[in-house]
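See below for the structure under consideration.
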Amino acid sequence: MKLGILRYFALASSLVTSISCSLSAAAGDATAPSFVAARPIWPKGRETEKNLFVGFRASFQAPAKGRVWLRATGSTLYRVWLNGEFLAHGPARAAHGFYRVDELDITSRLKPGANLVAIEVAGYNVNSFYLLDQPSFLQAEVVADGRALVSTGGAGRAFEATVLRERVQKVQRYSFQRPFTEVYRLAPGGDAWRRCPVVDMKTVKCAVMPAKALLPRRIAQPDYALRQPSWRVSGGELRTGITVAKPWKDRSLTGIGPKLGGYLEKELETIPSLELQSVANASSTPINQPYAPGQSLSLRAGSYEIADFGCNLTGFIGTRVNCRSKTRLVLAFDEILSNGDVDFKRLGCVNAVVWELEPGSYELESFEPYTLRYLKLMSLGGDCVVERLWLRELASAGVGQAQFAASDERFNRLFAAGRETFRQNALDIFMDCPSRERAGWLCDSFFTSRVALDLCGDTRIERCFLENFQLPPKFAHLPDGMLPMCYPADHYNGQFIPNWALWFVVELDEYLARSGDRALVDALRGRVLKLFEFFKQYRNEDGLLEKLPSWVFVEWSKANSFVQDVNYPSNMLYAAAMAAAARMYGVDEMAREAGRIRETVRKQSFDGEFFVDNAVRKDGKLAVTRNRTEVCQYFAFFFDVATPQSHAKLWRTLVTDFGPQRKQTQAHADVHPANAFIGNVLRLELLSRNGLCQQLLDESLAYHLYMADRTGTLWEHDGTQASCNHGFASHCGVHVLYRDVLGLRDVDSVRKTVALRFSDLKLDWCEGVRPTPDGPVTLRWRKDGGKLLYQLTTPAGYAVTVKNLSALELVRQP
């Protein structure tokens, strides 16, 4: 090993500091949120019980004047009702041992006299990629004029609690990555406890839980808009009791144990995933009519109907239903239709909510959010009339000011799909998808975070996302120094993606540039440098990472088969992360070492035609393979191992022979093709970086427009085999269009600058608005003969630079 890197590791060891768990170190806030009177409570002795559903309520008199606030936090999730109407869903997610506080101004929602606040809390107490396995509790109060009107566990008027037994407790998980499915057994009036304070309910005694470390929410409440179906697709009769020789049994059903929390299959009261496989369509009749809001849908026993919401949406599925007899109502859903039907298991999840209903009328709404375009209503017993259908959105509310339009309508559809994808994946953290996992994945977040600045104009979501990685003193079940591949999450099986932690570092470097948040970056210094300490043990005699442990992931392609022993794309990323850390923390030796790693990769990986993915250790010597992938080439150029100047022939080959058309041409068949995540995104970035904007736009349409037209969102893969709504993909529908079509190359609210770049594009005009904390940036341009006329407005004090790559004369207009 080179002497220089030994000096670096000695320096890094001296710089690694303890990871502070204080709020001030993590967030830079002067004060933490606090409660006037409330303390955390839960039914006594049941705080670690799995899938316990508890209702809390309290009534209070509306003050004659002044603002009234509801403050709440809890574990695992809650839904808040005020006077029988939906108010909020929470809390926002935080790191282990920390809880974000919702502060809701409810003044305008109050009625004169008595008011009733009711809170349903699901205490899951299982590990997942989505929510933390922590003891259940609720801490809530209504406050006016600095005084608690009602509170949990505090002095004065208290919340009363009841166990809500209508939600079946012993049910299967929704997926490997998320906790429990929803099955309900209801009688009429079961929800009266949350609408009427005089309705009796069976209360339980609560105990006060240990005090909690509190964090501010920081981000706006989600958009809870009600959406309704746009189209009635088809209907027909069902066949039940079908025997399936080998039914699908997901690992979330069969793998319950110490490493995956839940109830064993033999303990379950009902197993919808097995029951639904014994049901099939006996007939299917096209309806093909618009959905009319006042139109009722009649479901006889053994019948179904499919409704279309028009595009992928995420939120809480709701219906108003009148049951003439005892009814078993199943709402199954998916993002697409498979052979004209809803396949509830396509995504590897149990995409269904079940209600067992006594005769009577109900307003039903799922507690958990789900993602769907198509909803299949099935009566597996009993006749009912569905009087209304809706989906209450759970989506980011901060994107309304951002606008984009171009003379080619295709780009407008792509932008709408990118914005829709983002708003469903960027709530309290950046998620990979809003469906299967709802997890805060690294790498995905690198791309989604750029879009957040474009659409929201700030970095508040990203700050919360990164802060969650900073707060814990350590990450259980992971090696010392390693970061979780997604977080907040519990990885009881010890799995991690070592190279995904490097994406965290390169994102943090970009975050510093777009936020100016030196405090959080400095608070993460010890964590970042300790990560490089972890990698030290895997450096070989050439200074490259070799035989990385656990799950080494490059992208969803053949590249994931070539990750051992030395994976060159991972080492390219390693060099980039080391250079990023050097910039952030002023460690010059890390910058020099990054250069040495790049040079070593060039010498070993480039075979004179392409970069090779990996080398294997044979008889003690490292042998470079002939495994070559498209994405490896993009890693090389994206992370500065290669440039169009240093590897001109390869660059020309990539530009001319690769791209979406390669599926037809089959050019360079020995180079395995890239996929949407993440090779295609990197390709578009490289085309932009080198000013090939028209080619970029043509390829972006080829890669993504069919997705936008089918689901209204952008996908994880280039096919429908997985999530059809993946946060990273919003980068191609939003960031690319703002930068490479509109021409807003960079909007920097920290340094108060706007950089424009105009290119030769096959468009007549384009216009858009990007928000900033200081006000919007508005740009319009149009072609007029041999001129490109543009109008730009910026917040006061912003400096503007302009680069014209087009052949037209550039003219600024007032």
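Following the order of the structure tokens, first chain is A, next is B, and so on, with residues numbered from 1 inside each chain and ligands from 1 in the order they appear.
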
- Query: Using only C-alpha atoms, which residues sit within 8 Å of Tyr304 (chain A) once same-chain residues fewer than 2 positions away are excluded, as a ChimeraX atom specification?
  - Reply: /A:235-238,299,302,306,376-379

Put those residues in a file: N, CA and C atoms, as a compact mmCIF listing (two decimals), in the first residue's frame.
```
# COMPACT_ATOMS: atom_id res chain seq x y z
N GLY A 235 -66.23 -5.20 -15.64
CA GLY A 235 -66.85 -5.89 -14.50
C GLY A 235 -67.22 -7.29 -14.91
N GLY A 236 -67.67 -8.06 -13.93
CA GLY A 236 -68.05 -9.43 -14.26
C GLY A 236 -68.24 -10.27 -13.02
N GLU A 237 -68.29 -11.57 -13.24
CA GLU A 237 -68.50 -12.54 -12.17
C GLU A 237 -67.16 -13.19 -11.80
N LEU A 238 -67.13 -13.68 -10.57
CA LEU A 238 -65.93 -14.33 -10.04
C LEU A 238 -66.14 -15.82 -9.84
N LEU A 299 -72.55 -4.25 -6.38
CA LEU A 299 -71.76 -5.48 -6.38
C LEU A 299 -72.60 -6.59 -5.76
N GLY A 302 -69.98 -12.39 -5.30
CA GLY A 302 -69.27 -13.06 -6.37
C GLY A 302 -69.10 -12.24 -7.62
N ILE A 306 -63.72 -3.03 -12.03
CA ILE A 306 -62.41 -2.39 -12.04
C ILE A 306 -62.58 -0.92 -12.39
N LYS A 376 -59.66 -2.78 -8.11
CA LYS A 376 -60.63 -3.85 -8.37
C LYS A 376 -61.45 -4.09 -7.12
N LEU A 377 -62.75 -3.81 -7.21
CA LEU A 377 -63.66 -4.04 -6.09
C LEU A 377 -64.28 -5.41 -6.26
N MET A 378 -64.15 -6.24 -5.25
CA MET A 378 -64.68 -7.60 -5.30
C MET A 378 -65.54 -7.87 -4.08
N SER A 379 -66.71 -8.43 -4.32
CA SER A 379 -67.52 -8.94 -3.22
C SER A 379 -67.35 -10.45 -3.19
```

- Neighbours of Gly45 (chain A) within 10 Å (only C-alpha atoms; same-chain residues fewer than 6 positions away dropped), as an NGL selection string? :A and (205-207)

- May I ask which of the residues A:Gly526, A:Gly691, A:Pro549, A:Pro359 is the closest one to Ser759 (chain A), counting only C-alpha atoms? A:Gly691

- Message: Using only C-alpha atoms, which protein or nucleic acid residues come within 6 Å of Ile429 (chain A)? Drop anything in the same chain fewer than 2 positions from it, and give the result as a PyMOL selection string.
- Response: chain A and resi 426-427+461+465

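Considering the residues A:Trp355, A:Phe475, A:Tyr78, A:Tyr174 and counting only C-alpha atoms, Leu138 (chain A) has its shortest atom-to-atom contact with A:Tyr78.
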
- Query: Between A:Gly586, A:Gly457, A:Leu573, A:Ser59, which is the closest to Val769 (chain A) once you count only C-alpha atoms?
  - Reply: A:Gly457

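Take CA of Ser570 (chain A) and CA of Glu462 (chain A): the distance between them is 24.1 Å.
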
- Mind checking which residues fall within 9 Å of Asp774 (chain A), counting only C-alpha atoms, ignoring those fewer than 4 positions away in the same chain, and posting them as a PyMOL selection string? chain A and resi 749+794-796

- Query: Can you list every residue in region 441-581 of chain A that DSSP puts in alpha helix (DSSP H), as number ranges by chain?
  - Reply: A: 444-456, 460-470, 500-515, 518-523, 525-536, 568-581

- Message: When you look at Thr48 (chain A) with a cut-off of 12 Å (counting only C-alpha atoms), what residues show up, excluding the ones that are within fewer than 4 positions of it in the same chain? I need them as a list of chain:residue names.
- Response: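 My reading of the contact set: A:Trp42, A:Pro43, A:Lys44, A:Leu52, A:Ser75, A:Thr76, A:Ala122, A:Gly123, A:Tyr124, A:Asn125, A:Val126, A:Asp133, A:Gln134, A:Pro135, A:Ser136, A:Phe137, A:Met209, A:Gly261.
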
- For region 499-515 of chain A, work out the shell of residues within 6 Å, counting only C-alpha atoms and skipping chain neighbours fewer than 2 positions away, then give it as a VMD selection string. chain A and resid 443 446 483 497 517 577 580

- Message: Just want the 12 Å neighbourhood of Tyr798 (chain A), counted on only C-alpha atoms, with same-chain residues fewer than 2 positions away dropped. Output as a list in words.
- Response: Val747, Asp748, Ser749, Val750, Arg751, Lys752, Thr753, Val754, Ala755, Thr772, Asp774, Gly775, Pro776, Val777, Leu792, Thr793, Thr794, Pro795, Ala796, Val800 and Thr801 of chain A

- Of the candidates A:Leu531, A:Leu274, A:Leu701, A:Val208, which one gets nearest to Leu478 (chain A) if we count only C-alpha atoms?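 Of the candidates, the smallest distance to Leu478 (chain A) is held by A:Leu531.
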
Would you list, as a compact mmCIF listing (two decimals) with C-alpha atoms, in the first residue's frame, the residues of region 271-350 of chain A that end up in strand (DSSP E) under DSSP run on this structure's backbone?
```
# COMPACT_ATOMS: atom_id res chain seq x y z
CA ALA A 280 -60.46 -15.71 -10.73
CA ASN A 281 -62.68 -13.89 -13.19
CA THR A 285 -67.50 -7.38 -19.66
CA PRO A 286 -66.01 -4.06 -20.82
CA ILE A 287 -67.78 -1.03 -19.34
CA ASN A 288 -65.63 1.75 -20.78
CA GLN A 289 -67.59 4.62 -19.31
CA PRO A 290 -66.55 7.69 -17.36
CA LEU A 297 -71.79 0.69 -8.25
CA SER A 298 -73.75 -2.42 -7.35
CA LEU A 299 -71.76 -5.48 -6.38
CA SER A 303 -68.93 -10.06 -8.66
CA TYR A 304 -66.32 -7.39 -9.33
CA GLU A 305 -65.67 -4.09 -11.06
CA ILE A 306 -62.41 -2.39 -12.04
CA ALA A 307 -62.01 1.38 -11.78
CA ASP A 308 -59.24 3.52 -13.27
CA PHE A 309 -57.91 6.61 -11.45
CA GLY A 310 -56.31 7.87 -14.66
CA CYS A 311 -52.72 7.76 -13.43
CA ASN A 312 -50.65 6.28 -10.63
CA LEU A 313 -51.60 7.84 -7.30
CA THR A 314 -50.52 7.23 -3.72
CA GLY A 315 -52.72 7.57 -0.69
CA PHE A 316 -55.51 6.09 1.36
CA ILE A 317 -58.19 4.12 -0.46
CA GLY A 318 -61.70 5.06 0.59
CA THR A 319 -65.26 4.07 -0.16
CA ARG A 320 -68.79 4.70 1.08
CA VAL A 321 -70.66 1.42 0.95
CA ASN A 322 -74.09 0.15 1.89
CA CYS A 323 -74.27 -3.57 2.65
CA THR A 327 -70.39 -8.69 3.02
CA ARG A 328 -66.76 -9.53 2.46
CA LEU A 329 -65.42 -6.63 0.42
CA VAL A 330 -61.92 -6.80 -1.07
CA LEU A 331 -60.22 -3.85 -2.74
CA ALA A 332 -57.28 -5.10 -4.80
CA PHE A 333 -55.08 -2.71 -6.72
CA ASP A 334 -52.05 -2.27 -8.91
```

- Pick from A:Leu131, A:Gly360, A:Val802, A:Ala301: nearest to Asp746 (chain A), with only C-alpha atoms counted? A:Val802
